[in-house]
Amino acid sequence: MKPIWIVDDDQSIRFVLEKALLRESLPTRSFTNPRDVLIALESATEDTGPQILVSDIRMPGGSGLDLLEKVKAKYPALPVIIMTAYSDLDSAVSAFQGGAFEYLPKPFDLPKAVELIRRAVEESQREEVAEERMAETPEMLGQAPAMQDVFRAIGRLSQSNVTVMITGESGSGKELVARALHKHSPRANGPFVAINTAAIPKDLLESELFGHERGAFTGAQTMRRGRFEQADGGTLFLDEIGDMPFDLQTRLLRVLSDGHFYRVGGHSAVKTNVRVIAATHQNLEQRVKDGAFREDLYHRLNVIRLRLPALRERREDIPMLTRHFLKQSAGQLTVEAKRISDAALVWLGNFAFPGNVRQLENICHWLTVMAPAQVIEPKDLPPEVGFTNNTPNSSPGFHAATAPLNQEAYLHAATGDDRGLTDTLAASLPEVPKPLSTMTSAYPQISADGWELGLEAAAVALLATDRQDVWEELTRRFESRLILAALAATRGRRIEAAQKLGIGRNTITRKIQELGLE
């Protein structure tokens with residue numbers, strides 16, 4: 001294992017931590033100031049670098065918060081523990097905003113400090129295993145004829161620098177195809193730079209693509225290289241090209257024509273050698289007819305077109321993809337991979353998957369955390385593909401999530417047995433051969449009426465008893481589900497989960513302990 005780097009100008013702190021960690025067979029390396037740490041990082045290799053970093057905040061010759069910022073810029077996955085006196089807790093809050101793993105208040109309890117460091121080490125090792133497994137994962141999976149056509153096209157284009165247009169629905173894997181085209185091209189050793197033109201505001205997109213000179217606009221304090229310069233010698237992937245503003249399309253056409261462009265506020269032409277791969281889910285021919293997309297740019301981009309099939313067009317790949325994503329998710333969370341029954345695969349195979357492969361991947365993450373048993377059955381599937389939501393009967397517009405609850409359902413809700421409520425709702429529906437869905441989100445969810453109705457049912461049932469803790473009980477259930485869902489969405493990363501929920505890192509850590517979710 002790599003050493004734990006300790007940064008503190010107090011010799012007694014360094015000595016105590018070194019001896020305590022040595023007893024735990026954890027190697028250490030100590031520093032007295034941030035400057036020496038940064039110098040050591042410059043010469044560190046993959047094997048000699050830190051497993052984790054434990055740093056004080058206030059030291060001569062530099063701040064631990066500044067060190068945190070610089071270390072995270074170079075090693076974003078490295079866990080950093082910030083040591084601080086009680087009077088510096090405001091600084092600790094700033095540390096979390098900068099990506100610190102946890103803070104260690106001084107004077108600290110030594111066993112708790114060692115326990116915290118060991119937790120950070122385990123987190124670091126989990127990240128390393130996840131990266132290794134991701135590296136071993138095939139670029140793309142698919143045995144369906146439509147996907148085999150895509151693979152053959154990638155093979156034919158492997159020695160070409162020609163511009164490619166990838167079309168397909170959102171979530172179908174267009175960026176994976178672009179990365180595969182780059183990896184198997186003569187430019188494989190060059191950079192692959194991706195930008196989603198629909199995700200960047202119009203007034204910033206020009207600077208993102210072409211860069212800007214210092215003073216070009218308010219806030220432009222330094223010269224900045226754009227994506228075209230960053231991708232020089234490699235591949236630039238322009239995702240959702242159909243949403244590019246019309247006036248920027250003219251500038252893009254110029255670059256594609258002669259490889260020259262000007263930075264925003266610049267007067268000297270910049271030359272770049274870039275292969276452009278574009279992608280869109282829109283009908284560009286119709287956009288041209290509507291006057292929203294330049295016809296000459298369309299023909300410039302549309303040299304070779306690859307159409308990526310939607311997941312519903314390659315249903316035979318769903319079992320293989322499901323098992324792959326379940327294994328991948330289990331590796332990221334360091335838990336045993338769950339298996340899925342043939343019956344559950346049939347339900348998944350009949351689902352429309354409006355969010356395509358991305359939606360299937362998110363469902364598998366959800367199942368890894370939320371499914372109660374090691375073998376996933378149809379009743380364990382999330383609402384939009386299971387029995388509890390969007391399952392129609394002969395009456396149009398009827399949904400299980402909005403069906404009236406009978407007394408038995410209220411009784412199930414009172415016991416806290418969510419599966420009982422689910423089964424009761426399912427039993428009230430006639431058998432249907434295929435689940436349908438009008439779901440458009442790529443992440444599992446149920447309608448607002450559905451979960452609020454379930455909450456009301458549980459509340460009514462509990463209030464009908466002699467219990468005096470209804471608020472506490474329902475709040476506990478609600479918070480548990482919310483935190484578990486956030487952890488599933490972030491692959492178990494607590495800081496990111498807290499950010500998504502809009503709460504502090506300390507809050508989510510305390511809630512996980514209080515709710516017994518460790």
# chains A, B, ... in the order shown; residues from 1 in each chain; ligands from 1
$ select_by_dssp --residues "region 172-366 of chain A" --states "alpha helix (DSSP H)" --output "ChimeraX atom specification"
/A:174-183,202-210,227-230,246-258,284-289,295-301,318-333,342-350,356-366
$ write_last_selection --atoms "C-alpha atoms" --output "compact mmCIF listing (two decimals), in the first residue's frame"
# COMPACT_ATOMS: atom_id res chain seq x y z
CA LYS A 174 -23.25 8.46 -28.97
CA GLU A 175 -20.20 9.61 -27.00
CA LEU A 176 -19.06 5.98 -26.58
CA VAL A 177 -19.10 5.63 -30.37
CA ALA A 178 -17.14 8.87 -30.73
CA ARG A 179 -14.53 7.67 -28.24
CA ALA A 180 -14.25 4.34 -30.06
CA LEU A 181 -13.74 6.15 -33.38
CA HIS A 182 -10.97 8.19 -31.78
CA LYS A 183 -9.33 5.23 -30.05
CA LYS A 202 -25.05 30.88 -25.90
CA ASP A 203 -22.93 33.81 -24.67
CA LEU A 204 -20.27 31.43 -23.27
CA LEU A 205 -20.21 28.84 -26.04
CA GLU A 206 -18.07 30.90 -28.41
CA SER A 207 -15.36 31.30 -25.76
CA GLU A 208 -15.59 27.59 -24.88
CA LEU A 209 -15.04 26.56 -28.48
CA PHE A 210 -12.50 29.13 -29.66
CA ARG A 227 -11.70 23.33 -27.13
CA PHE A 228 -10.40 23.50 -30.71
CA GLU A 229 -6.91 24.33 -29.45
CA GLN A 230 -7.13 21.74 -26.66
CA PHE A 246 -27.03 29.93 -35.79
CA ASP A 247 -24.40 32.70 -35.66
CA LEU A 248 -21.80 30.30 -34.23
CA GLN A 249 -22.46 27.82 -37.03
CA THR A 250 -20.78 30.25 -39.44
CA ARG A 251 -17.59 30.30 -37.35
CA LEU A 252 -17.64 26.51 -37.07
CA LEU A 253 -17.96 26.17 -40.84
CA ARG A 254 -14.88 28.37 -41.30
CA VAL A 255 -12.78 26.19 -38.98
CA LEU A 256 -13.92 23.01 -40.74
CA SER A 257 -13.05 24.57 -44.10
CA ASP A 258 -9.47 25.74 -43.51
CA LEU A 284 -30.98 17.95 -38.99
CA GLU A 285 -32.63 17.79 -42.41
CA GLN A 286 -35.77 19.26 -40.86
CA ARG A 287 -33.71 21.83 -38.95
CA VAL A 288 -32.19 22.92 -42.29
CA LYS A 289 -35.66 23.23 -43.86
CA GLU A 295 -27.25 23.78 -45.05
CA ASP A 296 -23.58 24.18 -45.97
CA LEU A 297 -22.53 23.23 -42.41
CA TYR A 298 -24.86 20.23 -42.55
CA HIS A 299 -23.18 18.94 -45.70
CA ARG A 300 -19.73 19.64 -44.23
CA LEU A 301 -20.51 17.56 -41.12
CA ILE A 318 -30.75 -5.97 -22.61
CA PRO A 319 -29.85 -9.12 -20.56
CA MET A 320 -26.14 -8.75 -21.33
CA LEU A 321 -26.14 -5.01 -20.62
CA THR A 322 -28.13 -5.49 -17.40
CA ARG A 323 -25.69 -8.06 -16.01
CA HIS A 324 -22.76 -5.87 -17.04
CA PHE A 325 -24.16 -2.77 -15.31
CA LEU A 326 -25.09 -4.73 -12.17
CA LYS A 327 -21.52 -6.04 -11.96
CA GLN A 328 -20.10 -2.59 -12.66
CA SER A 329 -22.28 -0.94 -10.02
CA ALA A 330 -21.39 -3.59 -7.43
CA GLY A 331 -17.70 -3.01 -8.13
CA GLN A 332 -18.09 0.72 -7.62
CA LEU A 333 -19.89 0.19 -4.30
CA ASP A 342 -35.27 -14.52 -16.07
CA ALA A 343 -38.72 -13.20 -15.15
CA ALA A 344 -37.28 -9.78 -14.25
CA LEU A 345 -35.30 -9.74 -17.51
CA VAL A 346 -38.53 -10.40 -19.41
CA TRP A 347 -40.09 -7.32 -17.80
CA LEU A 348 -37.03 -5.24 -18.62
CA GLY A 349 -37.04 -6.59 -22.17
CA ASN A 350 -40.63 -5.42 -22.65
CA ASN A 356 -32.08 4.17 -23.58
CA VAL A 357 -28.83 2.62 -22.27
CA ARG A 358 -28.27 5.46 -19.80
CA GLN A 359 -31.62 4.72 -18.20
CA LEU A 360 -30.82 1.00 -17.95
CA GLU A 361 -27.48 1.82 -16.29
CA ASN A 362 -29.19 4.07 -13.74
CA ILE A 363 -31.81 1.41 -13.03
CA CYS A 364 -29.02 -1.09 -12.32
CA HIS A 365 -27.40 1.34 -9.88
CA TRP A 366 -30.80 1.76 -8.21
$ residues_around --residues "Glu518 (chain A)" --least-positions-apart "5" --cutoff "12 Å" --atoms "only C-alpha atoms" --output "number ranges by chain"
A: 119, 480, 483-484, 487, 492, 494, 508-513
$ write_last_selection --atoms "N, CA and C atoms" --output "PDB file, in the first residue's frame"
ATOM      1  N   ARG A 119     -10.794   4.698   7.196  1.00  0.00           N
ATOM      2  CA  ARG A 119     -11.954   4.834   6.305  1.00  0.00           C
ATOM      3  C   ARG A 119     -11.558   5.512   5.001  1.00  0.00           C
ATOM      4  N   SER A 480     -34.239   8.199   4.993  1.00  0.00           N
ATOM      5  CA  SER A 480     -33.467   7.014   4.614  1.00  0.00           C
ATOM      6  C   SER A 480     -33.546   6.775   3.116  1.00  0.00           C
ATOM      7  N   ILE A 483     -31.625   9.567   1.115  1.00  0.00           N
ATOM      8  CA  ILE A 483     -30.165   9.456   1.175  1.00  0.00           C
ATOM      9  C   ILE A 483     -29.690   8.256   0.381  1.00  0.00           C
ATOM     10  N   LEU A 484     -30.378   7.118   0.491  1.00  0.00           N
ATOM     11  CA  LEU A 484     -29.984   5.937  -0.275  1.00  0.00           C
ATOM     12  C   LEU A 484     -30.073   6.190  -1.781  1.00  0.00           C
ATOM     13  N   LEU A 487     -27.117   8.348  -2.755  1.00  0.00           N
ATOM     14  CA  LEU A 487     -25.878   7.565  -2.776  1.00  0.00           C
ATOM     15  C   LEU A 487     -25.833   6.645  -3.991  1.00  0.00           C
ATOM     16  N   GLY A 492     -22.187   6.016  -4.380  1.00  0.00           N
ATOM     17  CA  GLY A 492     -21.714   5.923  -3.006  1.00  0.00           C
ATOM     18  C   GLY A 492     -20.833   7.073  -2.548  1.00  0.00           C
ATOM     19  N   ARG A 494     -20.210  10.303  -0.862  1.00  0.00           N
ATOM     20  CA  ARG A 494     -21.018  11.068   0.083  1.00  0.00           C
ATOM     21  C   ARG A 494     -20.997  12.565  -0.190  1.00  0.00           C
ATOM     22  N   ILE A 508     -24.942  14.793   6.077  1.00  0.00           N
ATOM     23  CA  ILE A 508     -25.219  13.473   5.508  1.00  0.00           C
ATOM     24  C   ILE A 508     -24.489  12.386   6.282  1.00  0.00           C
ATOM     25  N   THR A 509     -23.276  12.675   6.776  1.00  0.00           N
ATOM     26  CA  THR A 509     -22.548  11.694   7.586  1.00  0.00           C
ATOM     27  C   THR A 509     -23.305  11.398   8.879  1.00  0.00           C
ATOM     28  N   ARG A 510     -23.796  12.474   9.527  1.00  0.00           N
ATOM     29  CA  ARG A 510     -24.540  12.283  10.776  1.00  0.00           C
ATOM     30  C   ARG A 510     -25.841  11.525  10.536  1.00  0.00           C
ATOM     31  N   LYS A 511     -26.540  11.858   9.449  1.00  0.00           N
ATOM     32  CA  LYS A 511     -27.803  11.177   9.147  1.00  0.00           C
ATOM     33  C   LYS A 511     -27.581   9.692   8.853  1.00  0.00           C
ATOM     34  N   ILE A 512     -26.511   9.379   8.115  1.00  0.00           N
ATOM     35  CA  ILE A 512     -26.216   7.977   7.800  1.00  0.00           C
ATOM     36  C   ILE A 512     -25.992   7.187   9.081  1.00  0.00           C
ATOM     37  N   GLN A 513     -25.302   7.808  10.041  1.00  0.00           N
ATOM     38  CA  GLN A 513     -25.067   7.135  11.322  1.00  0.00           C
ATOM     39  C   GLN A 513     -26.360   7.000  12.123  1.00  0.00           C
TER      40      GLN A 513
END
$ residues_around --residues "region 45-57 of chain A" --least-positions-apart "4" --cutoff "9 Å" --atoms "only C-alpha atoms" --output "short mmCIF file (atom, residue, chain, number, x, y, z; two decimals) with N, CA and C atoms, in the first residue's frame"
data_model
loop_
_atom_site.label_atom_id
_atom_site.label_comp_id
_atom_site.auth_asym_id
_atom_site.auth_seq_id
_atom_site.Cartn_x
_atom_site.Cartn_y
_atom_site.Cartn_z
N MET A 1 0.83 -1.19 0.00
CA MET A 1 0.00 0.00 0.00
C MET A 1 0.87 1.25 0.00
N LYS A 2 0.41 2.29 -0.65
CA LYS A 2 1.15 3.54 -0.69
C LYS A 2 1.08 4.24 0.68
N PRO A 3 2.04 5.13 0.98
CA PRO A 3 2.06 5.75 2.31
C PRO A 3 0.98 6.81 2.49
N ILE A 4 0.69 7.05 3.76
CA ILE A 4 -0.21 8.14 4.14
C ILE A 4 0.65 9.36 4.40
N TRP A 5 0.41 10.44 3.69
CA TRP A 5 1.21 11.65 3.85
C TRP A 5 0.59 12.52 4.94
N ILE A 6 1.41 12.91 5.93
CA ILE A 6 0.98 13.75 7.03
C ILE A 6 1.68 15.09 6.93
N VAL A 7 0.91 16.18 6.95
CA VAL A 7 1.47 17.53 6.80
C VAL A 7 1.09 18.36 8.02
N ASP A 8 2.07 18.67 8.85
CA ASP A 8 1.82 19.48 10.05
C ASP A 8 3.14 20.03 10.55
N ASP A 9 3.16 21.31 10.94
CA ASP A 9 4.39 21.88 11.47
C ASP A 9 4.62 21.50 12.92
N THR A 28 3.68 5.65 6.54
CA THR A 28 3.48 7.10 6.56
C THR A 28 4.69 7.82 5.95
N ARG A 29 4.47 9.06 5.59
CA ARG A 29 5.53 9.98 5.19
C ARG A 29 5.12 11.36 5.67
N PRO A 34 3.35 22.84 3.34
CA PRO A 34 2.74 22.50 2.04
C PRO A 34 3.72 22.56 0.88
N ALA A 40 7.29 17.17 -3.52
CA ALA A 40 7.30 15.71 -3.51
C ALA A 40 6.29 15.14 -4.51
N LEU A 41 5.17 15.81 -4.65
CA LEU A 41 4.16 15.34 -5.60
C LEU A 41 4.67 15.41 -7.03
N GLY A 62 2.49 28.32 4.12
CA GLY A 62 1.37 27.92 3.28
C GLY A 62 0.16 27.47 4.06
N SER A 63 -0.99 27.49 3.42
CA SER A 63 -2.25 27.09 4.04
C SER A 63 -2.65 25.70 3.58
N GLY A 64 -3.22 24.93 4.51
CA GLY A 64 -3.72 23.61 4.15
C GLY A 64 -4.84 23.67 3.14
N LEU A 65 -5.63 24.77 3.16
CA LEU A 65 -6.72 24.91 2.19
C LEU A 65 -6.17 25.17 0.79
N ASP A 66 -5.10 25.96 0.71
CA ASP A 66 -4.45 26.17 -0.59
C ASP A 66 -3.85 24.87 -1.10
N LEU A 67 -3.26 24.10 -0.19
CA LEU A 67 -2.69 22.80 -0.57
C LEU A 67 -3.79 21.87 -1.08
N LEU A 68 -4.93 21.89 -0.39
CA LEU A 68 -6.07 21.07 -0.81
C LEU A 68 -6.48 21.40 -2.24
N LEU A 78 -7.96 11.76 -4.85
CA LEU A 78 -7.19 11.53 -3.63
C LEU A 78 -7.96 12.03 -2.41
N PRO A 79 -8.26 11.16 -1.43
CA PRO A 79 -8.94 11.63 -0.21
C PRO A 79 -8.00 12.52 0.61
N VAL A 80 -8.49 13.67 1.04
CA VAL A 80 -7.71 14.61 1.85
C VAL A 80 -8.46 14.87 3.14
N ILE A 81 -7.80 14.63 4.27
CA ILE A 81 -8.37 14.91 5.59
C ILE A 81 -7.71 16.18 6.11
N ILE A 82 -8.55 17.14 6.51
CA ILE A 82 -8.05 18.42 6.99
C ILE A 82 -8.12 18.43 8.52
N MET A 83 -6.97 18.68 9.17
CA MET A 83 -6.93 18.81 10.62
C MET A 83 -7.13 20.27 11.00
N THR A 84 -7.92 20.53 12.04
CA THR A 84 -8.22 21.90 12.41
C THR A 84 -8.53 21.99 13.89
N ALA A 85 -8.21 23.13 14.47
CA ALA A 85 -8.62 23.41 15.83
C ALA A 85 -10.11 23.74 15.84
N ASP A 88 -11.37 26.74 14.23
CA ASP A 88 -11.22 26.85 12.78
C ASP A 88 -12.31 26.09 12.02
N SER A 91 -13.24 27.25 8.65
CA SER A 91 -12.30 26.84 7.62
C SER A 91 -12.58 25.42 7.16
N ALA A 92 -13.00 24.57 8.11
CA ALA A 92 -13.32 23.19 7.76
C ALA A 92 -14.49 23.13 6.78
N LEU A 104 -10.65 16.64 10.80
CA LEU A 104 -10.26 16.03 12.06
C LEU A 104 -10.00 17.15 13.06
N ILE A 117 -8.87 7.79 9.33
CA ILE A 117 -7.83 7.60 8.31
C ILE A 117 -8.01 6.26 7.60
N ALA A 120 -10.72 6.55 5.11
CA ALA A 120 -10.26 7.25 3.91
C ALA A 120 -9.41 6.33 3.03
N VAL A 121 -8.59 5.49 3.67
CA VAL A 121 -7.78 4.54 2.91
C VAL A 121 -8.67 3.57 2.15
N SER A 124 -10.15 5.25 -0.80
CA SER A 124 -9.15 5.39 -1.85
C SER A 124 -8.95 4.08 -2.60
N GLN A 125 -8.89 2.97 -1.86
CA GLN A 125 -8.69 1.66 -2.50
C GLN A 125 -9.91 1.27 -3.32
#
$ residues_around --residues "Leu474 (chain A)" --least-positions-apart "5" --cutoff "9 Å" --atoms "only C-alpha atoms" --output "PyMOL selection string"
chain A and resi 455+458-459+469+479
$ closest_residue --among "A:Pro111, A:Gly99, A:Pro105, A:Gly355" --to "Gly168 (chain A)" --atoms "only C-alpha atoms"
A:Gly355
$ closest_residue --among "A:Ile241, A:Ala461, A:Ala373, A:Ala199" --to "His281 (chain A)" --atoms "only C-alpha atoms"
A:Ile241
$ atom_distance --atom1 "CA of Val71 (chain A)" --atom2 "CA of Gly233 (chain A)"
28.4 Å
$ closest_residue --among "A:Arg294, A:Arg491, A:Arg118, A:Arg275" --to "Met244 (chain A)" --atoms "only C-alpha atoms"
A:Arg294
$ closest_residue --among "A:Ala20, A:Ala310, A:Ile340, A:Ala489" --to "Glu169 (chain A)" --atoms "only C-alpha atoms"
A:Ala310
$ residues_around --residues "Met147 (chain A)" --least-positions-apart "3" --cutoff "10 Å" --atoms "only C-alpha atoms" --output "CSV table (one decimal) with N, CA and C atoms, in the first residue's frame"
chain,number,residue,atom,x,y,z
A,140,MET,N,-17.7,-1.0,-25.8
A,140,MET,CA,-19.1,-1.0,-26.1
A,140,MET,C,-19.6,-2.5,-26.1
A,141,LEU,N,-20.8,-2.7,-25.7
A,141,LEU,CA,-21.4,-4.1,-25.7
A,141,LEU,C,-22.6,-4.1,-26.7
A,142,GLY,N,-22.7,-5.2,-27.3
A,142,GLY,CA,-23.9,-5.4,-28.2
A,142,GLY,C,-23.7,-6.5,-29.2
A,143,GLN,N,-24.7,-7.4,-29.2
A,143,GLN,CA,-24.8,-8.5,-30.1
A,143,GLN,C,-25.9,-8.4,-31.2
A,144,ALA,N,-26.7,-7.4,-31.0
A,144,ALA,CA,-27.8,-7.2,-31.9
A,144,ALA,C,-27.3,-6.8,-33.3
A,150,VAL,N,-22.9,-1.1,-36.5
A,150,VAL,CA,-22.2,0.1,-35.9
A,150,VAL,C,-20.7,-0.3,-35.7
A,151,PHE,N,-20.5,-1.5,-35.2
A,151,PHE,CA,-19.1,-2.0,-34.9
A,151,PHE,C,-18.3,-2.1,-36.3
A,152,ARG,N,-19.0,-2.6,-37.3
A,152,ARG,CA,-18.3,-2.8,-38.6
A,152,ARG,C,-18.0,-1.4,-39.2
A,153,ALA,N,-18.9,-0.4,-39.0
A,153,ALA,CA,-18.6,0.9,-39.5
A,153,ALA,C,-17.4,1.5,-38.8
A,307,ARG,N,-25.8,5.8,-37.6
A,307,ARG,CA,-27.0,5.9,-36.8
A,307,ARG,C,-26.9,4.9,-35.7
A,308,LEU,N,-27.0,5.3,-34.4
A,308,LEU,CA,-27.0,4.4,-33.3
A,308,LEU,C,-28.4,4.0,-32.9
A,309,PRO,N,-28.7,2.7,-32.8
A,309,PRO,CA,-30.1,2.3,-32.6
A,309,PRO,C,-30.5,2.6,-31.1
A,310,ALA,N,-31.8,2.8,-30.9
A,310,ALA,CA,-32.3,2.9,-29.6
A,310,ALA,C,-32.3,1.6,-28.9
A,313,GLU,N,-34.7,-1.1,-30.0
A,313,GLU,CA,-34.4,-1.7,-31.3
A,313,GLU,C,-33.4,-2.8,-31.1
A,314,ARG,N,-32.8,-3.0,-30.0
A,314,ARG,CA,-31.8,-4.0,-29.7
A,314,ARG,C,-32.1,-4.7,-28.4
A,317,ASP,N,-30.0,-7.3,-26.5
A,317,ASP,CA,-28.8,-6.9,-25.8
A,317,ASP,C,-29.1,-6.5,-24.3
